[in-house]
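Asker: Here it is, the structure in full.
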Amino acid sequence: NEPNGVLLDVYRRESAADSATLTITDREGTAVRALRVPPEDGLHRVVWDLEDGDENAIAPGEYTVTLTAGEARQSRPVIVEPPVVVPRR
């Protein structure tokens, strides 16, 4: 994990009337968070801050990110690791 969340890069070949949506679901298929992708063409970086829709930190584990744009859908797995804590001396 990046310190500030998961970086999600989305390339839109063409501009669209509507924005696309990235939906994050947990292992049970329950939606945890939805993030908007701008409708303009080009490369967009969306950051999932590892929080659910109520701004609660999510638990480490396996999640699925699904991009929905019109009728098109594409999914990819994401593994959220526990944070690494380095002891101070």
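In the structure tokens, chains take the letters A, B, ... in the order shown, each chain's residues start at 1, and ligands count up from 1 in the order shown.
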Among the residues of chain A, find those DSSP assigns to strand (DSSP E) from the backbone and print them as an NGL selection string.

Answerer: :A and (6-12 or 20-25 or 31-37 or 42-48 or 61-69 or 72-80)

Asker: Go ahead and save the residues from that selection, with C-alpha atoms, as an mmCIF file, in the first residue's frame.

Answerer:
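Ended up saving to part21.cif:
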data_model
loop_
_atom_site.group_PDB
_atom_site.id
_atom_site.type_symbol
_atom_site.label_atom_id
_atom_site.label_comp_id
_atom_site.auth_asym_id
_atom_site.auth_seq_id
_atom_site.Cartn_x
_atom_site.Cartn_y
_atom_site.Cartn_z
ATOM 1 C CA VAL A 6 -4.319 2.716 -3.119
ATOM 2 C CA LEU A 7 -3.482 4.455 -6.398
ATOM 3 C CA LEU A 8 -5.901 3.547 -9.193
ATOM 4 C CA ASP A 9 -5.009 4.672 -12.714
ATOM 5 C CA VAL A 10 -7.786 4.786 -15.317
ATOM 6 C CA TYR A 11 -7.262 5.621 -18.988
ATOM 7 C CA ARG A 12 -10.301 6.925 -20.868
ATOM 8 C CA ALA A 20 -17.159 6.351 -14.750
ATOM 9 C CA THR A 21 -17.299 4.757 -11.305
ATOM 10 C CA LEU A 22 -14.779 2.670 -9.389
ATOM 11 C CA THR A 23 -16.589 0.467 -6.880
ATOM 12 C CA ILE A 24 -14.578 -1.272 -4.164
ATOM 13 C CA THR A 25 -16.097 -4.449 -2.708
ATOM 14 C CA ALA A 31 -19.694 -2.426 -1.626
ATOM 15 C CA VAL A 32 -17.247 -0.586 0.624
ATOM 16 C CA ARG A 33 -16.675 2.606 -1.380
ATOM 17 C CA ALA A 34 -17.510 4.204 -4.724
ATOM 18 C CA LEU A 35 -15.153 6.683 -6.386
ATOM 19 C CA ARG A 36 -15.837 8.886 -9.401
ATOM 20 C CA VAL A 37 -13.614 8.989 -12.499
ATOM 21 C CA GLY A 42 -6.952 10.796 -20.854
ATOM 22 C CA LEU A 43 -5.228 9.268 -17.842
ATOM 23 C CA HIS A 44 -6.839 9.783 -14.439
ATOM 24 C CA ARG A 45 -5.342 8.833 -11.081
ATOM 25 C CA VAL A 46 -7.888 8.133 -8.354
ATOM 26 C CA VAL A 47 -6.736 7.557 -4.771
ATOM 27 C CA TRP A 48 -8.666 5.247 -2.479
ATOM 28 C CA GLY A 61 -7.606 -8.045 3.353
ATOM 29 C CA GLU A 62 -8.680 -8.777 -0.202
ATOM 30 C CA TYR A 63 -10.869 -6.328 -2.100
ATOM 31 C CA THR A 64 -12.066 -6.012 -5.692
ATOM 32 C CA VAL A 65 -12.073 -2.766 -7.651
ATOM 33 C CA THR A 66 -14.617 -2.651 -10.488
ATOM 34 C CA LEU A 67 -14.589 0.081 -13.113
ATOM 35 C CA THR A 68 -18.007 0.748 -14.645
ATOM 36 C CA ALA A 69 -18.341 3.066 -17.646
ATOM 37 C CA ALA A 72 -18.527 -1.772 -19.825
ATOM 38 C CA ARG A 73 -17.199 -3.306 -16.601
ATOM 39 C CA GLN A 74 -13.719 -4.417 -15.631
ATOM 40 C CA SER A 75 -12.545 -5.780 -12.255
ATOM 41 C CA ARG A 76 -9.166 -6.236 -10.599
ATOM 42 C CA PRO A 77 -8.163 -7.573 -7.169
ATOM 43 C CA VAL A 78 -6.503 -5.363 -4.552
ATOM 44 C CA ILE A 79 -4.730 -6.617 -1.430
ATOM 45 C CA VAL A 80 -4.635 -4.211 1.496
#

Asker: Any idea what the distance is between atom CA of A:Ile58 and atom CA of A:Glu81?

Answerer: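 Taking atom CA of A:Ile58 and atom CA of A:Glu81, their separation equals 10.7 Å.
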
Asker: For a test of reading the model, state the distance in Å between atom CA of A:Asn56 and atom CA of A:Asp26, rounded to one decimal.

Answerer: 14.2 Å

Asker: For the atom pair atom CA of A:Thr30 and atom CA of A:Gly70, what is the interatomic distance in Å to one decimal place?

Answerer: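 These two atoms are separated by 21.2 Å.
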
Asker: A:Pro82, A:Pro60, A:Pro87, A:Pro39: which is nearest A:Asp18, counting only C-alpha atoms?

Answerer: A:Pro39

Asker: Compile the contact shell of A:Ala17 as number ranges by chain: residues with an atom at most 9 Å away, counting only C-alpha atoms, same-chain residues fewer than 2 positions apart removed.

Answerer: A: 15, 19, 39-40

Asker: Go ahead and dump the residues you just picked, all heavy atoms, as a short mmCIF file (atom, residue, chain, number, x, y, z; two decimals), in the first residue's frame.

Answerer:
data_model
loop_
_atom_site.label_atom_id
_atom_site.label_comp_id
_atom_site.auth_asym_id
_atom_site.auth_seq_id
_atom_site.Cartn_x
_atom_site.Cartn_y
_atom_site.Cartn_z
N SER A 15 -13.76 11.08 -24.32
CA SER A 15 -14.62 11.76 -23.35
C SER A 15 -16.00 11.13 -23.40
O SER A 15 -16.41 10.60 -24.42
CB SER A 15 -14.74 13.25 -23.66
OG SER A 15 -13.51 13.89 -23.48
N SER A 19 -19.51 10.39 -15.98
CA SER A 19 -18.28 9.92 -15.37
C SER A 19 -18.37 8.40 -15.20
O SER A 19 -19.44 7.82 -15.20
CB SER A 19 -18.06 10.60 -14.02
OG SER A 19 -19.12 10.30 -13.15
N PRO A 39 -15.20 12.48 -16.57
CA PRO A 39 -15.64 12.04 -17.89
C PRO A 39 -14.67 12.40 -19.03
O PRO A 39 -14.81 11.89 -20.13
CB PRO A 39 -16.98 12.78 -18.07
CG PRO A 39 -16.86 13.99 -17.21
CD PRO A 39 -16.00 13.58 -16.05
N GLU A 40 -13.69 13.26 -18.78
CA GLU A 40 -12.76 13.67 -19.84
C GLU A 40 -11.85 12.52 -20.26
O GLU A 40 -11.52 11.65 -19.46
CB GLU A 40 -11.90 14.85 -19.37
CG GLU A 40 -12.67 16.11 -19.05
CD GLU A 40 -13.27 16.09 -17.66
OE1 GLU A 40 -12.77 15.39 -16.79
OE2 GLU A 40 -14.29 16.80 -17.46
#

Asker: Which one is closest to A:Arg13: A:Asp49, A:Pro83, A:Glu71, A:Asp41? Count only C-alpha atoms.

Answerer: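 Ranking A:Asp49, A:Pro83, A:Glu71, A:Asp41 by distance to A:Arg13, first place goes to A:Asp41.
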